[in-house]
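Q: This is model.cif, which holds mmCIF, C-alpha atoms:
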data_structure
#
loop_
_atom_site.group_PDB
_atom_site.id
_atom_site.type_symbol
_atom_site.label_atom_id
_atom_site.label_comp_id
_atom_site.auth_asym_id
_atom_site.auth_seq_id
_atom_site.Cartn_x
_atom_site.Cartn_y
_atom_site.Cartn_z
ATOM 1 C CA MET A 1 8.340 52.332 63.775
ATOM 2 C CA GLN A 2 5.768 49.644 64.343
ATOM 3 C CA ASN A 3 3.634 51.038 61.524
ATOM 4 C CA LEU A 4 6.656 50.834 59.203
ATOM 5 C CA LYS A 5 7.140 47.154 60.037
ATOM 6 C CA VAL A 6 3.486 46.423 59.385
ATOM 7 C CA HIS A 7 3.689 48.273 56.073
ATOM 8 C CA LYS A 8 6.746 46.279 54.981
ATOM 9 C CA LEU A 9 5.096 42.997 56.010
ATOM 10 C CA LEU A 10 1.949 43.890 54.083
ATOM 11 C CA LEU A 11 3.971 44.851 51.022
ATOM 12 C CA THR A 12 5.912 41.582 51.185
ATOM 13 C CA SER A 13 2.677 39.565 51.458
ATOM 14 C CA ILE A 14 1.161 41.336 48.446
ATOM 15 C CA THR A 15 4.337 40.748 46.414
ATOM 16 C CA MET A 16 4.336 37.015 47.252
ATOM 17 C CA LEU A 17 0.628 36.754 46.431
ATOM 18 C CA LEU A 18 1.156 38.350 43.025
ATOM 19 C CA PHE A 19 4.107 36.034 42.402
ATOM 20 C CA LEU A 20 2.052 32.970 43.265
ATOM 21 C CA MET A 21 -0.878 34.104 41.121
ATOM 22 C CA ASN A 22 1.448 34.627 38.195
ATOM 23 C CA GLY A 23 3.198 31.277 38.716
ATOM 24 C CA PHE A 24 -0.046 29.318 38.866
ATOM 25 C CA ALA A 25 -1.847 31.189 36.103
ATOM 26 C CA GLN A 26 -4.277 28.993 34.223
ATOM 27 C CA THR A 27 -6.213 29.601 31.034
ATOM 28 C CA PHE A 28 -9.465 28.048 29.879
ATOM 29 C CA LYS A 29 -12.847 28.819 28.404
ATOM 30 C CA LEU A 30 -16.333 27.554 29.159
ATOM 31 C CA ALA A 31 -18.577 25.558 26.857
ATOM 32 C CA GLU A 32 -22.268 26.368 26.538
ATOM 33 C CA ASN A 33 -23.108 23.708 29.134
ATOM 34 C CA GLY A 34 -20.586 25.128 31.580
ATOM 35 C CA ASP A 35 -17.829 22.534 31.026
ATOM 36 C CA THR A 36 -14.247 23.722 31.100
ATOM 37 C CA LEU A 37 -12.663 23.691 27.626
ATOM 38 C CA ASN A 38 -9.144 24.261 26.333
ATOM 39 C CA TYR A 39 -7.643 24.256 29.830
ATOM 40 C CA THR A 40 -3.924 24.968 30.189
ATOM 41 C CA ASP A 41 -2.266 24.401 33.568
ATOM 42 C CA ALA A 42 0.473 26.423 35.261
ATOM 43 C CA LYS A 43 3.141 24.538 33.321
ATOM 44 C CA LYS A 44 1.399 25.481 30.056
ATOM 45 C CA LEU A 45 0.376 21.864 29.452
ATOM 46 C CA LYS A 46 -2.987 21.135 27.850
ATOM 47 C CA GLN A 47 -5.319 19.243 30.157
ATOM 48 C CA GLY A 48 -8.880 17.926 29.906
ATOM 49 C CA LYS A 49 -11.345 18.414 27.073
ATOM 50 C CA TRP A 50 -10.249 20.502 24.088
ATOM 51 C CA VAL A 51 -11.864 21.692 20.876
ATOM 52 C CA ILE A 52 -9.385 22.659 18.146
ATOM 53 C CA ARG A 53 -10.348 24.449 14.951
ATOM 54 C CA VAL A 54 -8.200 24.210 11.817
ATOM 55 C CA GLU A 55 -9.018 26.800 9.168
ATOM 56 C CA PRO A 56 -9.015 25.994 5.419
ATOM 57 C CA LEU A 57 -5.566 26.438 3.888
ATOM 58 C CA ARG A 58 -4.169 26.109 0.343
ATOM 59 C CA GLY A 59 -7.162 24.184 -0.966
ATOM 60 C CA ASN A 60 -7.435 21.905 2.071
ATOM 61 C CA GLU A 61 -10.808 22.061 3.785
ATOM 62 C CA GLY A 62 -10.762 23.006 7.422
ATOM 63 C CA TYR A 63 -12.098 20.916 10.285
ATOM 64 C CA GLU A 64 -12.621 20.804 14.033
ATOM 65 C CA GLU A 65 -11.474 18.078 16.384
ATOM 66 C CA GLU A 66 -12.429 17.396 19.975
ATOM 67 C CA GLY A 67 -11.011 15.103 22.614
ATOM 68 C CA VAL A 68 -9.002 14.947 25.825
ATOM 69 C CA PHE A 69 -5.433 15.993 26.583
ATOM 70 C CA LYS A 70 -3.364 14.538 29.409
ATOM 71 C CA ASN A 71 -0.150 16.424 30.088
ATOM 72 C CA ASP A 72 -0.185 18.018 26.628
ATOM 73 C CA LYS A 73 -0.726 14.672 24.831
ATOM 74 C CA LYS A 74 -3.877 13.438 23.116
ATOM 75 C CA GLU A 75 -5.499 10.547 24.965
ATOM 76 C CA GLY A 76 -8.457 8.296 24.151
ATOM 77 C CA VAL A 77 -11.107 8.969 21.513
ATOM 78 C CA TRP A 78 -10.845 12.079 19.342
ATOM 79 C CA ARG A 79 -13.548 13.034 16.828
ATOM 80 C CA MET A 80 -13.102 15.145 13.709
ATOM 81 C CA TYR A 81 -15.883 17.258 12.189
ATOM 82 C CA SER A 82 -16.234 19.313 9.050
ATOM 83 C CA LEU A 83 -16.771 23.015 9.596
ATOM 84 C CA ASN A 84 -20.439 22.303 8.844
ATOM 85 C CA GLY A 85 -20.631 19.908 11.788
ATOM 86 C CA ASP A 86 -20.494 16.573 9.880
ATOM 87 C CA ILE A 87 -18.356 13.872 11.485
ATOM 88 C CA ILE A 88 -15.455 12.911 9.212
ATOM 89 C CA GLY A 89 -13.177 10.897 11.492
ATOM 90 C CA VAL A 90 -12.864 8.970 14.749
ATOM 91 C CA GLU A 91 -9.324 8.519 16.039
ATOM 92 C CA ASN A 92 -7.838 6.801 19.105
ATOM 93 C CA TYR A 93 -4.725 7.992 20.917
ATOM 94 C CA LYS A 94 -2.359 6.797 23.604
ATOM 95 C CA LEU A 95 0.278 9.111 25.074
ATOM 96 C CA GLY A 96 -0.080 11.411 22.064
ATOM 97 C CA GLY A 97 0.311 8.702 19.420
ATOM 98 C CA LYS A 98 -2.351 6.969 17.355
ATOM 99 C CA GLU A 99 -3.346 3.624 18.882
ATOM 100 C CA GLY A 100 -5.623 0.966 17.406
ATOM 101 C CA LEU A 101 -8.456 1.589 14.951
ATOM 102 C CA GLN A 102 -8.935 4.922 13.165
ATOM 103 C CA GLN A 103 -11.968 5.514 10.903
ATOM 104 C CA TYR A 104 -12.591 8.218 8.302
ATOM 105 C CA TYR A 105 -15.836 9.207 6.559
ATOM 106 C CA THR A 106 -17.094 11.297 3.665
ATOM 107 C CA TYR A 107 -19.214 14.356 4.359
ATOM 108 C CA LEU A 108 -22.237 12.130 3.653
ATOM 109 C CA GLY A 109 -21.260 9.702 6.412
ATOM 110 C CA ASP A 110 -19.846 6.899 4.226
ATOM 111 C CA LEU A 111 -16.912 4.995 5.723
ATOM 112 C CA VAL A 112 -14.019 5.263 3.239
ATOM 113 C CA LYS A 113 -10.926 4.239 5.196
ATOM 114 C CA GLU A 114 -9.850 2.286 8.277
ATOM 115 C CA GLU A 115 -6.347 2.400 9.706
ATOM 116 C CA ASN A 116 -4.692 0.490 12.537
ATOM 117 C CA TRP A 117 -1.749 1.921 14.456
ATOM 118 C CA LYS A 118 0.515 0.883 17.318
ATOM 119 C CA ALA A 119 1.500 3.595 19.803
ATOM 120 C CA TYR A 120 4.604 3.922 21.936
ATOM 121 C CA ASN A 121 4.605 1.706 25.024
ATOM 122 C CA PRO A 122 6.192 3.415 28.058
ATOM 123 C CA ASP A 123 6.616 0.013 29.704
ATOM 124 C CA ALA A 124 8.957 -1.043 26.869
ATOM 125 C CA PRO A 125 11.779 1.542 26.855
ATOM 126 C CA TYR A 126 13.602 -0.328 24.076
ATOM 127 C CA ASP A 127 12.479 -1.486 20.662
ATOM 128 C CA THR A 128 13.780 -3.954 18.078
ATOM 129 C CA ILE A 129 14.097 -2.736 14.511
ATOM 130 C CA PRO A 130 15.123 -4.703 11.386
ATOM 131 C CA VAL A 131 18.381 -4.023 9.557
ATOM 132 C CA TYR A 132 18.219 -4.405 5.771
ATOM 133 C CA GLY A 133 20.960 -5.383 3.364
ATOM 134 C CA SER A 134 22.286 -2.803 0.928
ATOM 135 C CA GLY A 135 20.317 -2.622 -2.299
ATOM 136 C CA ASN A 136 17.578 -5.057 -1.278
ATOM 137 C CA ASN A 137 14.726 -5.533 1.164
ATOM 138 C CA GLU A 138 16.219 -8.606 2.849
ATOM 139 C CA ILE A 139 16.446 -8.421 6.638
ATOM 140 C CA ILE A 140 19.977 -9.385 7.668
ATOM 141 C CA ASP A 141 19.905 -8.473 11.348
ATOM 142 C CA PHE A 142 17.928 -6.845 14.150
ATOM 143 C CA LYS A 143 19.023 -3.896 16.264
ATOM 144 C CA ILE A 144 17.882 -2.862 19.750
ATOM 145 C CA VAL A 145 17.343 0.883 20.084
ATOM 146 C CA LYS A 146 15.899 3.202 22.700
ATOM 147 C CA ALA A 147 12.208 3.691 22.033
ATOM 148 C CA VAL A 148 10.817 7.189 21.622
ATOM 149 C CA PRO A 149 7.159 8.276 21.568
ATOM 150 C CA TYR A 150 5.808 7.504 18.125
ATOM 151 C CA SER A 151 3.171 5.520 16.252
ATOM 152 C CA VAL A 152 3.647 2.994 13.470
ATOM 153 C CA LYS A 153 1.264 1.278 11.092
ATOM 154 C CA HIS A 154 0.307 -2.026 12.677
ATOM 155 C CA GLY A 155 -2.576 -4.241 11.620
ATOM 156 C CA GLU A 156 -4.940 -4.127 8.667
ATOM 157 C CA TRP A 157 -5.695 -1.024 6.600
ATOM 158 C CA ARG A 158 -8.866 -1.006 4.483
ATOM 159 C CA TRP A 159 -10.272 1.278 1.776
ATOM 160 C CA TYR A 160 -13.989 1.290 0.897
ATOM 161 C CA GLU A 161 -16.003 2.537 -2.058
ATOM 162 C CA PRO A 162 -18.170 5.492 -1.001
ATOM 163 C CA GLY A 163 -21.880 4.756 -1.195
ATOM 164 C CA SER A 164 -21.703 0.988 -1.667
ATOM 165 C CA GLY A 165 -19.293 0.261 1.197
ATOM 166 C CA ARG A 166 -17.497 -2.289 -0.998
ATOM 167 C CA LEU A 167 -13.961 -3.132 0.113
ATOM 168 C CA VAL A 168 -11.656 -2.032 -2.706
ATOM 169 C CA LYS A 169 -8.211 -2.424 -1.131
ATOM 170 C CA SER A 170 -6.544 -3.787 1.977
ATOM 171 C CA GLU A 171 -3.007 -3.890 3.331
ATOM 172 C CA LYS A 172 -1.539 -5.442 6.448
ATOM 173 C CA TYR A 173 1.357 -4.025 8.449
ATOM 174 C CA ASP A 174 3.591 -5.389 11.178
ATOM 175 C CA ARG A 175 5.196 -2.544 13.167
ATOM 176 C CA GLY A 176 5.442 -0.334 10.111
ATOM 177 C CA LEU A 177 6.415 -3.039 7.619
ATOM 178 C CA LEU A 178 3.980 -4.009 4.875
ATOM 179 C CA GLU A 179 3.198 -7.700 4.926
ATOM 180 C CA LYS A 180 2.653 -9.664 1.733
ATOM 181 C CA ASP A 181 -0.627 -11.440 1.312
ATOM 182 C CA LYS A 182 -0.131 -14.859 2.908
ATOM 183 C CA ASN A 183 -2.600 -16.336 0.431
ATOM 184 C CA GLU A 184 -0.580 -15.107 -2.528
ATOM 185 C CA VAL A 185 0.656 -18.013 -4.723
ATOM 186 C CA VAL A 186 3.945 -17.413 -6.490
ATOM 187 C CA ALA A 187 4.265 -19.375 -9.738
ATOM 188 C CA LYS A 188 7.454 -21.386 -9.957
ATOM 189 C CA PRO A 189 9.171 -21.024 -13.359
ATOM 190 C CA VAL A 190 9.692 -24.305 -15.250
ATOM 191 C CA ALA A 191 13.240 -24.927 -16.407
ATOM 192 C CA ALA A 192 13.735 -25.513 -20.136
ATOM 193 C CA THR A 193 15.193 -28.962 -19.491
ATOM 194 C CA GLU A 194 12.431 -29.968 -17.112
ATOM 195 C CA LYS A 195 9.843 -32.273 -18.685
ATOM 196 C CA LYS A 196 6.216 -31.417 -18.321
ATOM 197 C CA LYS A 197 4.363 -33.908 -16.189
ATOM 198 C CA GLU A 198 1.791 -35.871 -18.160
ATOM 199 C CA ILE A 199 -1.736 -36.226 -16.833
ATOM 200 C CA PRO A 200 -2.757 -39.914 -16.563
ATOM 201 C CA LYS A 201 -5.349 -40.806 -19.222
ATOM 202 C CA THR A 202 -8.627 -42.397 -18.279
ATOM 203 C CA ALA A 203 -10.149 -45.307 -20.241
ATOM 204 C CA GLU A 204 -12.664 -42.874 -21.782
ATOM 205 C CA MET A 205 -9.878 -40.574 -22.987
ATOM 206 C CA VAL A 206 -8.009 -43.484 -24.585
ATOM 207 C CA GLU A 207 -11.196 -44.693 -26.340
ATOM 208 C CA TRP A 208 -11.917 -41.149 -27.616
ATOM 209 C CA GLU A 209 -8.405 -40.816 -29.073
ATOM 210 C CA LYS A 210 -8.716 -44.162 -30.884
ATOM 211 C CA LYS A 211 -11.988 -43.174 -32.528
ATOM 212 C CA ASN A 212 -10.740 -39.740 -33.604
ATOM 213 C CA LYS A 213 -7.204 -40.651 -34.631
ATOM 214 C CA GLY A 214 -6.322 -38.908 -37.905
ATOM 215 C CA LYS A 215 -9.429 -36.690 -37.899
ATOM 216 C CA LYS A 216 -9.020 -32.903 -38.224
ATOM 217 C CA LYS A 217 -10.758 -30.155 -36.323
ATOM 218 C CA VAL A 218 -12.320 -32.466 -33.807
ATOM 219 C CA LEU A 219 -13.791 -30.630 -30.827
ATOM 220 C CA ARG A 220 -13.807 -32.344 -27.482
ATOM 221 C CA ASP A 221 -16.995 -31.605 -25.645
ATOM 222 C CA GLY A 222 -16.653 -34.125 -22.830
ATOM 223 C CA ARG A 223 -18.671 -36.878 -24.517
ATOM 224 C CA THR A 224 -17.043 -40.326 -25.143
ATOM 225 C CA GLY A 225 -19.632 -41.974 -27.324
ATOM 226 C CA MET A 226 -18.656 -40.305 -30.634
#
Turn this file's structure into C-alpha cells for me.
A:
Amino acid sequence: MQNLKVHKLLLTSITMLLFLMNGFAQTFKLAENGDTLNYTDAKKLKQGKWVIRVEPLRGNEGYEEEGVFKNDKKEGVWRMYSLNGDIIGVENYKLGGKEGLQQYYTYLGDLVKEENWKAYNPDAPYDTIPVYGSGNNEIIDFKIVKAVPYSVKHGEWRWYEPGSGRLVKSEKYDRGLLEKDKNEVVAKPVAATEKKKEIPKTAEMVEWEKKNKGKKKVLRDGRTGM
C-alpha cells in the first residue's frame, strides 16, 4: 500500500515537471561568439538580440537586419545589411515604431536618404489630429482620439545624389503632415485696375532721358555721359 502511494506521488511529480517544462519552453540559437540569438520566451515573445533574414522576392533584393527586441517589439538601433554583408540602413525604434533619424545607403556605402519619424508615446494615451474641410486641405477643427502604437513622419527628410553626396531634395513633416517651405515667396497677382508703382528717377536718369529723347534703338549701359 505504501509503495502504491509512493508510486502515485512520483507519477504526479513527473507529470507536474513535464507540464512546467512545456509551459516555460524557450527557443533560441547561439551565435559564433556564444551570444544568445533569436530568443523567444515562454509567452512566445521575442526578446534580446535577433538576426532576421529576408530572402529575395519578386525582384526585390533580400537583406538581413539585426537589433534588439523587447517584449516582441523592436527597440533601439537596428542595422540592415545586404546578403553580401554590406550595410544598407541604420534605423532607430521605440516600442516597435520608428523613432528619430533613419539612414539608408547604396551597396557602395553612399548615403542616399535620411528620414525622421516620431514614435508612439505611451505617456500620452491621447493624440490630437486635424480635421479637414470637404474638398480642400484647410484644417477646420482638431479632434482628440485615443493613441495607438504607430509612427508618423516628423522632421526633415533628405535625398542625396549617390557618389557626390549632393542634397537633391528635402521635405519637412509635422506629425505626418508635409510642411511648406517657410522661405517660399508667393507672388501676389496685380489687379487690372491697380496702377504699377513708378520707380523714382535719379538726376542721372533724368539727364540721360533728355539727351536721348527722340533717338531710336538707344541701349542703356549704365553710363550717363552720352
Q: Can you list what the PyMOL selection byres ((chain A and resi 76-79) around 8) grabs from this structure, as a ChimeraX atom specification?
A: /A:65-68,74-75,80-81,87-94
Q: Taking 5 positions as the minimum chain separation for residues in the same chain, which residues sit within 7 Å of Glu64 in chain A when counting only C-alpha atoms? Answer as a VMD selection string.
A: chain A and resid 51 to 54 80 to 83
Q: Could you check the closest approach to Lys118 in chain A for each of A:Leu37, A:Leu57, A:Leu95, A:Val168 and tell me which residue wins, using only C-alpha atoms?
A: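 Among the listed residues, A:Leu95 lies closest to Lys118 in chain A.
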Q: Grab the CA of Asp174 in chain A to CA of Tyr160 in chain A distance for me, in Å with one decimal place.
A: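 Atom-to-atom, CA of Asp174 in chain A and CA of Tyr160 in chain A are spaced 21.4 Å apart.
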Q: Which residues are near Gly165 in chain A? Cut-off 12 Å, only C-alpha atoms, ignore same chain within fewer than 6 positions. Put them as a ChimeraX atom specification.
A: /A:105-106,109-114,158-159
Q: May I ask for the distance between CA of Ile144 in chain A and CA of Glu179 in chain A, given in Å to one decimal place?
A: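 These atoms are spaced 21.4 Å apart.
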Q: Between A:Leu45, A:Tyr107, A:Leu178, A:Ile140, which is the closest to Gly163 in chain A once you count all atoms listed in the file?
A: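 Answer, going by the shortest atom-to-atom distance: A:Tyr107.
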